[in-house]
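**Q** Got a structure for you, final-v8.tsv, holding TSV, C-alpha atoms.
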chain	number	residue	atom	x	y	z
A	1	MET	CA	0.00	0.00	0.00
A	2	SER	CA	2.81	2.39	0.91
A	3	GLN	CA	4.60	1.66	-2.39
A	4	THR	CA	1.39	2.39	-4.32
A	5	ARG	CA	0.92	5.61	-2.38
A	6	GLY	CA	4.52	6.60	-2.97
A	7	ARG	CA	4.18	5.99	-6.70
A	8	TYR	CA	0.97	8.03	-6.78
A	9	ASP	CA	2.62	10.97	-4.97
A	10	PHE	CA	5.62	10.73	-7.31
A	11	CYS	CA	3.37	11.04	-10.37
A	12	ILE	CA	1.51	14.00	-8.86
A	13	GLY	CA	4.81	15.74	-8.10
A	14	LEU	CA	6.08	15.06	-11.62
A	15	VAL	CA	2.93	16.51	-13.24
A	16	LEU	CA	3.09	19.56	-10.98
A	17	ALA	CA	6.78	20.14	-11.76
A	18	MET	CA	6.19	19.92	-15.51
A	19	SER	CA	3.09	22.14	-15.27
A	20	SER	CA	5.17	24.67	-13.34
A	21	SER	CA	7.75	24.80	-16.14
A	22	ILE	CA	5.03	25.30	-18.76
A	23	PHE	CA	3.33	28.10	-16.81
A	24	ILE	CA	6.59	29.90	-15.96
A	25	GLY	CA	8.00	29.51	-19.48
A	26	GLY	CA	4.76	30.82	-20.98
A	27	SER	CA	4.63	33.75	-18.56
A	28	PHE	CA	7.77	35.30	-20.07
A	29	ILE	CA	6.17	35.23	-23.52
A	30	LEU	CA	2.91	36.80	-22.33
A	31	LYS	CA	4.74	39.56	-20.46
A	32	LYS	CA	6.99	40.24	-23.45
A	33	LYS	CA	4.01	40.41	-25.81
A	34	GLY	CA	2.31	42.89	-23.51
A	35	LEU	CA	5.41	45.09	-23.29
A	36	LEU	CA	5.86	45.01	-27.08
A	37	ARG	CA	2.24	46.11	-27.57
A	38	LEU	CA	2.83	49.05	-25.27
A	39	ALA	CA	6.02	49.96	-27.16
A	40	ARG	CA	4.07	50.03	-30.44
A	41	LYS	CA	1.53	52.37	-28.83
A	42	GLY	CA	4.30	54.76	-27.83
A	43	SER	CA	3.90	54.31	-24.07
A	44	MET	CA	6.86	54.82	-21.77
A	45	ARG	CA	8.72	51.55	-21.50
A	46	ALA	CA	9.29	49.70	-18.23
A	47	GLY	CA	13.06	50.01	-18.61
A	48	GLN	CA	12.63	53.81	-18.64
A	49	GLY	CA	10.60	53.79	-15.43
A	50	GLY	CA	7.13	53.61	-16.99
A	51	HIS	CA	4.26	51.67	-15.43
A	52	ALA	CA	1.84	51.55	-18.36
A	53	TYR	CA	2.15	47.76	-18.38
A	54	LEU	CA	-0.16	47.69	-15.36
A	55	LYS	CA	-3.00	48.56	-17.77
A	56	GLU	CA	-2.07	45.79	-20.26
A	57	TRP	CA	-4.07	42.58	-19.85
A	58	LEU	CA	-1.38	40.45	-21.52
A	59	TRP	CA	1.11	41.50	-18.88
A	60	TRP	CA	-1.31	40.55	-16.13
A	61	ALA	CA	-1.95	37.22	-17.85
A	62	GLY	CA	1.80	36.60	-17.77
A	63	LEU	CA	1.95	37.55	-14.10
A	64	LEU	CA	-0.91	35.16	-13.25
A	65	SER	CA	0.77	32.44	-15.30
A	66	MET	CA	4.01	32.89	-13.36
A	67	GLY	CA	2.09	32.83	-10.08
A	68	ALA	CA	0.38	29.59	-11.08
A	69	GLY	CA	3.76	28.12	-12.03
A	70	GLU	CA	5.32	29.05	-8.70
A	71	VAL	CA	2.37	27.57	-6.80
A	72	ALA	CA	2.65	24.35	-8.81
A	73	ASN	CA	6.39	24.24	-8.18
A	74	PHE	CA	5.82	24.80	-4.46
A	75	ALA	CA	3.27	21.98	-4.35
A	76	ALA	CA	5.53	19.63	-6.34
A	77	TYR	CA	8.07	19.58	-3.50
A	78	ALA	CA	5.37	18.20	-1.19
A	79	PHE	CA	4.87	15.13	-3.39
A	80	ALA	CA	8.12	14.40	-5.25
A	81	PRO	CA	11.81	14.37	-4.24
A	82	ALA	CA	13.77	17.60	-4.64
A	83	THR	CA	16.21	15.53	-6.72
A	84	LEU	CA	13.50	15.37	-9.39
A	85	VAL	CA	11.67	18.70	-9.04
A	86	THR	CA	14.65	21.08	-9.07
A	87	PRO	CA	16.38	19.87	-12.28
A	88	LEU	CA	13.05	19.88	-14.13
A	89	GLY	CA	13.00	23.64	-13.62
A	90	ALA	CA	15.24	23.80	-16.70
A	91	LEU	CA	12.19	22.94	-18.81
A	92	SER	CA	10.84	26.47	-18.26
A	93	VAL	CA	13.86	27.81	-20.17
A	94	LEU	CA	13.16	25.33	-22.95
A	95	VAL	CA	9.44	26.23	-23.09
A	96	SER	CA	10.29	29.93	-23.20
A	97	ALA	CA	12.81	29.42	-26.03
A	98	ILE	CA	10.39	27.37	-28.13
A	99	LEU	CA	7.40	29.68	-27.62
A	100	SER	CA	9.48	32.79	-28.35
A	101	SER	CA	10.41	31.37	-31.76
A	102	PHE	CA	6.70	31.03	-32.60
A	103	PHE	CA	5.11	34.09	-30.97
A	104	LEU	CA	7.96	36.63	-30.76
A	105	ASN	CA	9.65	35.77	-34.07
A	106	GLU	CA	12.93	35.15	-32.26
A	107	LYS	CA	15.11	32.76	-34.23
A	108	LEU	CA	16.09	29.47	-32.63
A	109	ASN	CA	19.36	28.48	-34.30
A	110	LEU	CA	20.80	25.00	-34.70
A	111	HIS	CA	22.61	25.13	-31.36
A	112	GLY	CA	19.36	26.11	-29.65
A	113	LYS	CA	17.41	23.27	-31.24
A	114	ILE	CA	20.06	20.75	-30.22
A	115	GLY	CA	20.04	22.27	-26.73
A	116	CYS	CA	16.26	21.86	-26.49
A	117	LEU	CA	16.51	18.24	-27.61
A	118	LEU	CA	19.26	17.49	-25.08
A	119	SER	CA	17.26	19.14	-22.29
A	120	ILE	CA	14.24	16.97	-23.10
A	121	LEU	CA	16.36	13.82	-23.23
A	122	GLY	CA	18.15	14.70	-19.99
A	123	SER	CA	14.86	15.41	-18.22
A	124	THR	CA	13.43	12.10	-19.43
A	125	VAL	CA	16.46	10.20	-18.13
A	126	MET	CA	16.18	11.95	-14.75
A	127	VAL	CA	12.47	11.10	-14.48
A	128	ILE	CA	13.19	7.44	-15.22
A	129	HIS	CA	16.01	7.14	-12.68
A	130	ALA	CA	14.89	9.59	-9.96
A	131	PRO	CA	14.11	8.21	-6.47
A	132	GLN	CA	10.44	7.32	-6.19
A	133	GLU	CA	10.30	6.87	-2.42
A	134	GLU	CA	9.90	9.87	-0.14
A	135	GLU	CA	11.61	9.71	3.22
A	136	VAL	CA	9.71	12.50	5.01
A	137	GLU	CA	5.93	12.49	5.23
A	138	THR	CA	5.13	14.35	8.47
A	139	LEU	CA	6.29	17.56	10.10
A	140	ASN	CA	7.68	15.67	13.09
A	141	GLU	CA	9.87	13.59	10.77
A	142	MET	CA	11.03	16.82	9.12
A	143	PHE	CA	11.93	18.20	12.56
A	144	HIS	CA	14.16	15.19	13.27
A	145	LYS	CA	15.74	15.40	9.83
A	146	LEU	CA	16.65	19.05	10.34
A	147	GLY	CA	18.31	18.13	13.62
A	148	ASP	CA	20.53	15.52	11.96
A	149	PRO	CA	24.22	16.37	12.63
A	150	GLY	CA	25.10	16.06	8.94
A	151	PHE	CA	22.51	18.64	7.91
A	152	VAL	CA	23.40	20.95	10.82
A	153	VAL	CA	27.04	20.96	9.66
A	154	PHE	CA	25.96	21.54	6.03
A	155	ALA	CA	23.60	24.42	6.93
A	156	THR	CA	26.25	26.01	9.15
A	157	LEU	CA	28.82	25.87	6.34
A	158	VAL	CA	26.31	27.39	3.90
A	159	VAL	CA	25.59	30.29	6.26
A	160	ILE	CA	29.29	30.92	6.96
A	161	VAL	CA	30.26	30.79	3.27
A	162	SER	CA	27.35	33.08	2.36
A	163	LEU	CA	28.27	35.65	5.01
A	164	ILE	CA	31.91	35.65	3.87
A	165	LEU	CA	30.85	36.13	0.25
A	166	ILE	CA	28.36	38.88	1.17
A	167	PHE	CA	30.50	40.97	3.51
A	168	VAL	CA	34.10	40.17	2.47
A	169	VAL	CA	34.34	38.89	-1.11
A	170	GLY	CA	31.29	40.64	-2.59
A	171	PRO	CA	32.33	44.27	-2.03
A	172	ARG	CA	35.78	43.55	-3.53
A	173	HIS	CA	35.11	41.18	-6.41
A	174	GLY	CA	31.33	41.12	-6.93
A	175	GLN	CA	31.47	43.62	-9.80
A	176	THR	CA	34.10	41.68	-11.74
A	177	ASN	CA	33.68	37.99	-10.85
A	178	ILE	CA	30.41	36.43	-12.03
A	179	LEU	CA	30.65	33.53	-9.55
A	180	VAL	CA	30.40	35.68	-6.39
A	181	TYR	CA	26.75	36.77	-6.55
A	182	ILE	CA	25.61	33.60	-8.30
A	183	THR	CA	27.20	31.42	-5.62
A	184	ILE	CA	25.45	33.42	-2.88
A	185	CYS	CA	21.96	32.99	-4.33
A	186	SER	CA	22.64	29.36	-5.30
A	187	VAL	CA	23.81	28.02	-1.93
A	188	ILE	CA	21.13	30.02	-0.10
A	189	GLY	CA	18.67	28.54	-2.61
A	190	ALA	CA	19.49	25.06	-1.34
A	191	LEU	CA	18.21	26.06	2.10
A	192	SER	CA	15.12	27.73	0.62
A	193	VAL	CA	14.20	24.50	-1.20
A	194	SER	CA	14.45	22.63	2.11
A	195	CYS	CA	12.10	25.20	3.66
A	196	VAL	CA	9.68	24.83	0.77
A	197	LYS	CA	9.79	21.06	1.18
A	198	GLY	CA	8.97	21.35	4.88
A	199	LEU	CA	6.17	23.85	4.30
A	200	GLY	CA	4.72	21.62	1.59
A	201	ILE	CA	4.56	18.76	4.09
A	202	ALA	CA	2.95	21.12	6.63
A	203	ILE	CA	0.28	22.12	4.10
A	204	LYS	CA	-0.48	18.47	3.37
A	205	GLU	CA	-0.94	17.84	7.08
A	206	LEU	CA	-3.06	20.98	7.42
A	207	PHE	CA	-5.49	19.68	4.81
A	208	ALA	CA	-5.51	16.36	6.66
A	209	GLY	CA	-6.82	18.18	9.74
A	210	LYS	CA	-3.66	18.14	11.85
A	211	PRO	CA	-2.79	21.17	14.06
A	212	VAL	CA	0.36	22.18	12.19
A	213	LEU	CA	-0.16	25.89	12.92
A	214	LYS	CA	0.66	25.19	16.55
A	215	HIS	CA	3.92	23.53	15.58
A	216	PRO	CA	6.80	26.02	15.93
A	217	LEU	CA	8.65	24.44	13.02
A	218	SER	CA	6.01	25.71	10.56
A	219	TRP	CA	6.69	29.33	11.49
A	220	ILE	CA	10.46	28.82	11.61
A	221	LEU	CA	10.38	27.38	8.08
A	222	LEU	CA	8.18	30.24	6.84
A	223	LEU	CA	10.47	32.92	8.31
A	224	SER	CA	13.58	31.16	6.98
A	225	LEU	CA	12.00	30.91	3.53
A	226	ILE	CA	11.28	34.65	3.46
A	227	VAL	CA	14.88	35.49	4.41
A	228	CYS	CA	16.38	33.01	1.91
A	229	VAL	CA	14.18	34.04	-1.02
A	230	SER	CA	14.80	37.76	-0.34
A	231	THR	CA	18.55	37.14	-0.36
A	232	GLN	CA	18.30	35.07	-3.55
A	233	ILE	CA	16.32	37.71	-5.43
A	234	ASN	CA	18.65	40.49	-4.31
A	235	TYR	CA	21.89	38.87	-5.46
A	236	LEU	CA	20.46	37.26	-8.57
A	237	ASN	CA	19.23	40.68	-9.71
A	238	ARG	CA	22.72	42.08	-9.06
A	239	ALA	CA	24.28	39.35	-11.20
A	240	LEU	CA	21.76	39.93	-14.01
A	241	ASP	CA	22.32	43.70	-13.87
A	242	ILE	CA	26.12	43.41	-14.20
A	243	PHE	CA	26.69	40.36	-16.39
A	244	ASN	CA	25.19	38.93	-19.58
A	245	THR	CA	21.98	36.96	-19.06
A	246	SER	CA	23.11	34.24	-21.47
A	247	ILE	CA	26.04	33.54	-19.14
A	248	VAL	CA	24.28	34.04	-15.79
A	249	THR	CA	21.38	31.68	-16.52
A	250	PRO	CA	23.31	28.44	-17.25
A	251	ILE	CA	25.87	29.07	-14.47
A	252	TYR	CA	23.12	29.78	-11.96
A	253	TYR	CA	21.21	26.66	-13.02
A	254	VAL	CA	24.27	24.43	-12.60
A	255	ILE	CA	25.39	25.79	-9.20
A	256	PHE	CA	21.86	26.07	-7.81
A	257	THR	CA	20.82	22.57	-8.88
A	258	THR	CA	24.08	21.07	-7.62
A	259	SER	CA	23.56	22.77	-4.25
A	260	VAL	CA	19.99	21.47	-4.02
A	261	LEU	CA	21.02	17.93	-4.94
A	262	THR	CA	23.74	18.03	-2.28
A	263	CYS	CA	21.35	19.38	0.34
A	264	SER	CA	18.72	16.80	-0.59
A	265	ALA	CA	21.25	13.97	-0.34
A	266	ILE	CA	22.27	15.10	3.15
A	267	LEU	CA	18.83	15.99	4.50
A	268	PHE	CA	16.47	13.41	2.97
A	269	LYS	CA	19.04	10.71	2.12
A	270	GLU	CA	17.08	9.85	-1.01
A	271	TRP	CA	20.20	8.40	-2.62
A	272	GLN	CA	20.35	5.55	-0.10
A	273	HIS	CA	17.30	3.94	-1.73
A	274	MET	CA	18.71	4.17	-5.25
A	275	ALA	CA	20.56	1.46	-7.13
A	276	ALA	CA	23.91	2.24	-8.74
A	277	ASP	CA	22.43	2.40	-12.26
A	278	ASP	CA	19.77	4.88	-11.06
A	279	ILE	CA	22.42	7.12	-9.50
A	280	ILE	CA	24.46	7.05	-12.71
A	281	GLY	CA	21.33	7.68	-14.76
A	282	THR	CA	20.33	10.65	-12.61
A	283	PHE	CA	23.76	12.28	-12.90
A	284	SER	CA	23.88	11.54	-16.64
A	285	GLY	CA	20.50	13.17	-17.14
A	286	PHE	CA	21.57	16.18	-15.09
A	287	LEU	CA	24.78	16.62	-17.11
A	288	THR	CA	22.81	16.27	-20.34
A	289	ILE	CA	20.47	19.07	-19.23
A	290	ILE	CA	23.49	21.24	-18.37
A	291	VAL	CA	24.92	20.77	-21.87
A	292	GLY	CA	21.53	21.52	-23.41
A	293	ILE	CA	21.05	24.72	-21.40
A	294	PHE	CA	24.60	25.80	-22.27
A	295	LEU	CA	24.01	25.33	-26.01
A	296	LEU	CA	20.67	27.11	-25.77
A	297	HIS	CA	22.12	30.22	-24.11
A	298	ALA	CA	25.80	30.49	-25.00
A	299	PHE	CA	25.23	30.41	-28.79
A	300	LYS	CA	21.83	32.09	-29.04
A	301	ASP	CA	23.31	35.08	-30.93
A	302	VAL	CA	25.18	32.88	-33.43
A	303	ASN	CA	23.39	32.74	-36.79
A	304	PHE	CA	23.99	29.11	-37.68
A	305	THR	CA	21.47	26.79	-39.34
A	306	LEU	CA	21.48	23.48	-41.18
A	307	ALA	CA	21.74	25.42	-44.44
A	308	ASN	CA	25.16	26.72	-43.35
A	309	LEU	CA	26.45	23.26	-42.48
A	310	PRO	CA	27.41	22.02	-46.00
A	311	LEU	CA	29.31	25.25	-46.72
A	312	SER	CA	31.21	24.96	-43.43
A	313	LEU	CA	32.08	21.36	-44.17
A	314	ARG	CA	33.33	22.26	-47.65
A	315	LYS	CA	35.56	24.99	-46.24
A	316	ASP	CA	36.91	22.61	-43.60
A	317	ASP	CA	37.72	20.03	-46.28
A	318	ARG	CA	39.54	22.61	-48.37
A	319	ALA	CA	41.61	23.75	-45.40
A	320	ALA	CA	42.42	20.16	-44.40
A	321	ASN	CA	43.47	19.07	-47.88
A	322	GLY	CA	45.41	22.28	-48.56
A	323	THR	CA	43.82	22.60	-51.99
A	324	LEU	CA	43.13	25.87	-53.73
A	325	LEU	CA	39.77	26.72	-55.23
A	326	SER	CA	39.76	27.08	-58.96
A	327	THR	CA	38.54	30.27	-60.53
A	328	TYR	CA	35.94	28.22	-62.37
A	329	ASP	CA	34.46	26.92	-59.10
A	330	CYS	CA	34.31	30.40	-57.67
A	331	PHE	CA	32.54	32.10	-60.56
A	332	ASN	CA	30.04	29.26	-60.90
A	333	HIS	CA	28.59	30.34	-57.52
A	334	ASP	CA	27.78	34.04	-57.63
A	335	GLU	CA	26.80	34.29	-53.98
A	336	GLU	CA	30.12	32.81	-52.89
A	337	SER	CA	32.39	34.45	-55.45
A	338	SER	CA	33.65	37.25	-53.23
A	339	ALA	CA	34.33	34.84	-50.36
A	340	CYS	CA	36.14	32.48	-52.74
A	341	LEU	CA	38.31	35.23	-54.23
A	342	GLY	CA	39.23	36.40	-50.74
A	343	GLU	CA	40.10	32.84	-49.80
A	344	ILE	CA	42.27	32.42	-52.93
A	345	GLN	CA	44.11	35.69	-52.30
A	346	SER	CA	44.74	34.93	-48.62
A	347	THR	CA	45.91	31.40	-49.45
A	348	GLU	CA	48.25	32.64	-52.18
A	349	SER	CA	49.62	35.32	-49.84
A	350	LEU	CA	50.23	32.74	-47.13
A	351	SER	CA	51.92	30.40	-49.62
A	352	ALA	CA	54.16	33.20	-50.85
A	353	ARG	CA	55.19	34.12	-47.33
A	354	ARG	CA	56.01	30.53	-46.53
A	355	ASN	CA	58.22	30.39	-49.67
A	356	GLY	CA	60.03	33.56	-48.69
A	357	SER	CA	58.67	35.61	-51.59
A	358	LEU	CA	58.94	39.37	-51.05
A	359	SER	CA	56.05	39.97	-53.42
A	360	ALA	CA	53.70	38.73	-50.74
A	361	PHE	CA	54.51	41.83	-48.72
Write the structure described by the file as structure tokens, please.
**A**
Amino acid sequence: MSQTRGRYDFCIGLVLAMSSSIFIGGSFILKKKGLLRLARKGSMRAGQGGHAYLKEWLWWAGLLSMGAGEVANFAAYAFAPATLVTPLGALSVLVSAILSSFFLNEKLNLHGKIGCLLSILGSTVMVIHAPQEEEVETLNEMFHKLGDPGFVVFATLVVIVSLILIFVVGPRHGQTNILVYITICSVIGALSVSCVKGLGIAIKELFAGKPVLKHPLSWILLLSLIVCVSTQINYLNRALDIFNTSIVTPIYYVIFTTSVLTCSAILFKEWQHMAADDIIGTFSGFLTIIVGIFLLHAFKDVNFTLANLPLSLRKDDRAANGTLLSTYDCFNHDEESSACLGEIQSTESLSARRNGSLSAF
């Protein structure tokens, strides 16, 4: 009976996590569409301090969509392991990238398409191999887990490292080193996920009619969550304001997810119930998602499609074989003639220099 119940909760958590990604990914598109409509009307833009978007229904639809996604994500932690829910957050980036190519006319190049495919494959592998048994089901069990010496040491180290980064390293290197602010919000995020997990369990017990509001742990978790989330938002916004979003997003995803997986392994000990092949599969899926997110963001401004691939391969073959293009080949392709002539001239110049010819200079 307990195995059936655990499987049922796992499926609910999986559906909620995927729904969260869809809602959050779609919210960016709705907000962007609303802001673009305002720009076409000549209203003062949000980046210039305008607030006309508050009168745009598309923007409000995006806000409601993001709210629904966050609620679904919050609820997912109450049913499924954090090892599963957190990495699936990458799907929101994928959903946003795909929808933007359809509704915002933003081009998704070859690297982006491969990145989307890898993210889907990695998420599928993680779902197949993720732990399907949940260790903590009541608030009292959560209380004992939080008092475990291993987690106390981990939480203490996180707080100490965060304080050092905030008050010592941040003022000196925060403006130049991208890892400072991202590390702060990532390691603090691991604690916030633990708080969300505990509050999710408290809400489940509340609906079951148990007096969780009288339990001091509920209020401690709520207060800790507010502090952690406020710190995360503050330093993530600083990182986004200083550094390129295409670099911040994949680095933040990797460090944040790694921190959550580490915290989950220490606090909930979900890995103890996993076979070796499931552990390998989970890490493989996670690494696959990382590669996919990297390709999706790092090369998003590179204009490269399948149509460019044959031309690139031909140029690589010519360079490898050391052969020169004939004038006939060049002038048979009008659109490539200037590139071919430039290649011939540069190759001849290089050959002359290698032979010691002064005419090359």
**Q** Pick out the residues sitting within 12 Å of Lys197 of chain A, and hand them over as JSON, numbers by chain; count all atoms listed in the file, and ignore anything fewer than 6 positions along from it in its own chain.
**A** {"A": [13, 73, 74, 75, 76, 77, 78, 79, 80, 81, 82, 83, 85, 86, 134, 135, 136, 137, 138, 139, 142, 143, 145, 146, 190, 191, 203, 204, 218, 221, 222, 225, 260, 263, 264, 267, 268]}
**Q** Point out the residue among A:Ile160, A:Ile114, A:Thr176, A:Pro131 with the least atom-to-atom distance to Glu270 of chain A, counting all atoms listed in the file.
**A**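 The answer is A:Pro131, which sits nearest to Glu270 of chain A.
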**Q** Give me the residues near Ile255 of chain A as a ChimeraX atom specification, where near means some atom within 12 Å (using all atoms listed in the file) and where sequence neighbours in that chain fewer than 3 positions away do not count.
**A** /A:86-87,179-190,248-252,258-262,286,290
**Q** Kindly indicate which residue among A:Ile164, A:Ile233, A:Ala276, A:Cys195 lies nearest to Leu217 of chain A, using all atoms listed in the file for the distances.
**A** A:Cys195
**Q** Would you work out the distance separating atom CA of Ser230 of chain A from atom CA of Asp148 of chain A, expressed in Å to one decimal?
**A**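 Calculated distance between atom CA of Ser230 of chain A and atom CA of Asp148 of chain A is 26.1 Å.
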**Q** To one decimal place in Å, what is the distance between atom CA of Ser19 of chain A and atom CA of Gly69 of chain A?
**A** 6.8 Å
**Q** Return the single residue from A:Tyr8, A:Phe103, A:Val93, A:Glu141 that is closest to Leu30 of chain A, with distances computed using all atoms listed in the file.
**A** A:Phe103
**Q** Here is a test: counting all atoms listed in the file, which residue of A:Ala208, A:Val302, A:Val158, A:Leu104 is nearest to Arg37 of chain A?
**A**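 The answer is A:Leu104, which sits nearest to Arg37 of chain A.
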**Q** As an exercise, work out the distance from atom CA of Gly122 of chain A to atom CA of Leu287 of chain A in Å and give it to one decimal place.
**A**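 Atom CA of Leu287 of chain A lies 7.5 Å from atom CA of Gly122 of chain A.
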**Q** Would you mind writing segment 294-302 of chain A with all heavy atoms, as a PDB file, in the frame of the given file?
**A**
ATOM      1  N   PHE A 294      23.430  25.049 -21.806  1.00  0.00           N
ATOM      2  CA  PHE A 294      24.600  25.800 -22.270  1.00  0.00           C
ATOM      3  C   PHE A 294      24.494  26.105 -23.762  1.00  0.00           C
ATOM      4  O   PHE A 294      24.727  27.244 -24.190  1.00  0.00           O
ATOM      5  CB  PHE A 294      25.866  25.011 -21.975  1.00  0.00           C
ATOM      6  CG  PHE A 294      27.117  25.675 -22.482  1.00  0.00           C
ATOM      7  CD1 PHE A 294      27.679  26.734 -21.808  1.00  0.00           C
ATOM      8  CD2 PHE A 294      27.722  25.234 -23.655  1.00  0.00           C
ATOM      9  CE1 PHE A 294      28.830  27.358 -22.275  1.00  0.00           C
ATOM     10  CE2 PHE A 294      28.865  25.845 -24.134  1.00  0.00           C
ATOM     11  CZ  PHE A 294      29.421  26.909 -23.438  1.00  0.00           C
ATOM     12  N   LEU A 295      24.150  25.107 -24.561  1.00  0.00           N
ATOM     13  CA  LEU A 295      24.010  25.330 -26.010  1.00  0.00           C
ATOM     14  C   LEU A 295      22.898  26.317 -26.307  1.00  0.00           C
ATOM     15  O   LEU A 295      23.004  27.139 -27.228  1.00  0.00           O
ATOM     16  CB  LEU A 295      23.730  23.998 -26.715  1.00  0.00           C
ATOM     17  CG  LEU A 295      24.888  23.004 -26.811  1.00  0.00           C
ATOM     18  CD1 LEU A 295      24.411  21.696 -27.431  1.00  0.00           C
ATOM     19  CD2 LEU A 295      26.027  23.581 -27.640  1.00  0.00           C
ATOM     20  N   LEU A 296      21.825  26.245 -25.527  1.00  0.00           N
ATOM     21  CA  LEU A 296      20.670  27.110 -25.770  1.00  0.00           C
ATOM     22  C   LEU A 296      20.991  28.571 -25.499  1.00  0.00           C
ATOM     23  O   LEU A 296      20.503  29.464 -26.200  1.00  0.00           O
ATOM     24  CB  LEU A 296      19.500  26.653 -24.885  1.00  0.00           C
ATOM     25  CG  LEU A 296      18.126  27.273 -25.122  1.00  0.00           C
ATOM     26  CD1 LEU A 296      17.654  26.987 -26.537  1.00  0.00           C
ATOM     27  CD2 LEU A 296      17.121  26.734 -24.124  1.00  0.00           C
ATOM     28  N   HIS A 297      21.843  28.849 -24.511  1.00  0.00           N
ATOM     29  CA  HIS A 297      22.120  30.220 -24.110  1.00  0.00           C
ATOM     30  C   HIS A 297      23.419  30.764 -24.681  1.00  0.00           C
ATOM     31  O   HIS A 297      23.461  31.899 -25.155  1.00  0.00           O
ATOM     32  CB  HIS A 297      22.165  30.311 -22.584  1.00  0.00           C
ATOM     33  CG  HIS A 297      20.817  30.352 -21.956  1.00  0.00           C
ATOM     34  ND1 HIS A 297      20.112  31.508 -21.773  1.00  0.00           N
ATOM     35  CD2 HIS A 297      20.024  29.363 -21.481  1.00  0.00           C
ATOM     36  CE1 HIS A 297      18.956  31.252 -21.211  1.00  0.00           C
ATOM     37  NE2 HIS A 297      18.875  29.954 -21.012  1.00  0.00           N
ATOM     38  N   ALA A 298      24.483  29.972 -24.637  1.00  0.00           N
ATOM     39  CA  ALA A 298      25.800  30.490 -25.000  1.00  0.00           C
ATOM     40  C   ALA A 298      25.893  30.856 -26.482  1.00  0.00           C
ATOM     41  O   ALA A 298      26.663  31.742 -26.851  1.00  0.00           O
ATOM     42  CB  ALA A 298      26.876  29.463 -24.642  1.00  0.00           C
ATOM     43  N   PHE A 299      25.123  30.176 -27.343  1.00  0.00           N
ATOM     44  CA  PHE A 299      25.230  30.410 -28.790  1.00  0.00           C
ATOM     45  C   PHE A 299      23.946  30.982 -29.381  1.00  0.00           C
ATOM     46  O   PHE A 299      23.693  30.842 -30.579  1.00  0.00           O
ATOM     47  CB  PHE A 299      25.567  29.091 -29.510  1.00  0.00           C
ATOM     48  CG  PHE A 299      26.867  28.475 -29.065  1.00  0.00           C
ATOM     49  CD1 PHE A 299      26.875  27.439 -28.150  1.00  0.00           C
ATOM     50  CD2 PHE A 299      28.075  28.944 -29.551  1.00  0.00           C
ATOM     51  CE1 PHE A 299      28.065  26.857 -27.733  1.00  0.00           C
ATOM     52  CE2 PHE A 299      29.265  28.380 -29.135  1.00  0.00           C
ATOM     53  CZ  PHE A 299      29.269  27.343 -28.220  1.00  0.00           C
ATOM     54  N   LYS A 300      23.120  31.619 -28.541  1.00  0.00           N
ATOM     55  CA  LYS A 300      21.830  32.090 -29.040  1.00  0.00           C
ATOM     56  C   LYS A 300      21.970  33.240 -30.046  1.00  0.00           C
ATOM     57  O   LYS A 300      21.077  33.468 -30.855  1.00  0.00           O
ATOM     58  CB  LYS A 300      20.931  32.506 -27.878  1.00  0.00           C
ATOM     59  CG  LYS A 300      21.382  33.737 -27.136  1.00  0.00           C
ATOM     60  CD  LYS A 300      20.382  34.087 -26.046  1.00  0.00           C
ATOM     61  CE  LYS A 300      20.767  35.379 -25.337  1.00  0.00           C
ATOM     62  NZ  LYS A 300      19.766  35.729 -24.301  1.00  0.00           N
ATOM     63  N   ASP A 301      23.098  33.972 -29.997  1.00  0.00           N
ATOM     64  CA  ASP A 301      23.310  35.080 -30.930  1.00  0.00           C
ATOM     65  C   ASP A 301      24.109  34.668 -32.165  1.00  0.00           C
ATOM     66  O   ASP A 301      24.422  35.506 -33.004  1.00  0.00           O
ATOM     67  CB  ASP A 301      24.050  36.224 -30.221  1.00  0.00           C
ATOM     68  CG  ASP A 301      23.218  36.827 -29.098  1.00  0.00           C
ATOM     69  OD1 ASP A 301      21.989  36.884 -29.262  1.00  0.00           O
ATOM     70  OD2 ASP A 301      23.806  37.223 -28.076  1.00  0.00           O
ATOM     71  N   VAL A 302      24.439  33.385 -32.271  1.00  0.00           N
ATOM     72  CA  VAL A 302      25.180  32.880 -33.430  1.00  0.00           C
ATOM     73  C   VAL A 302      24.181  32.464 -34.515  1.00  0.00           C
ATOM     74  O   VAL A 302      23.311  31.625 -34.283  1.00  0.00           O
ATOM     75  CB  VAL A 302      26.072  31.686 -33.044  1.00  0.00           C
ATOM     76  CG1 VAL A 302      26.793  31.138 -34.275  1.00  0.00           C
ATOM     77  CG2 VAL A 302      27.075  32.104 -31.987  1.00  0.00           C
TER      78      VAL A 302
END
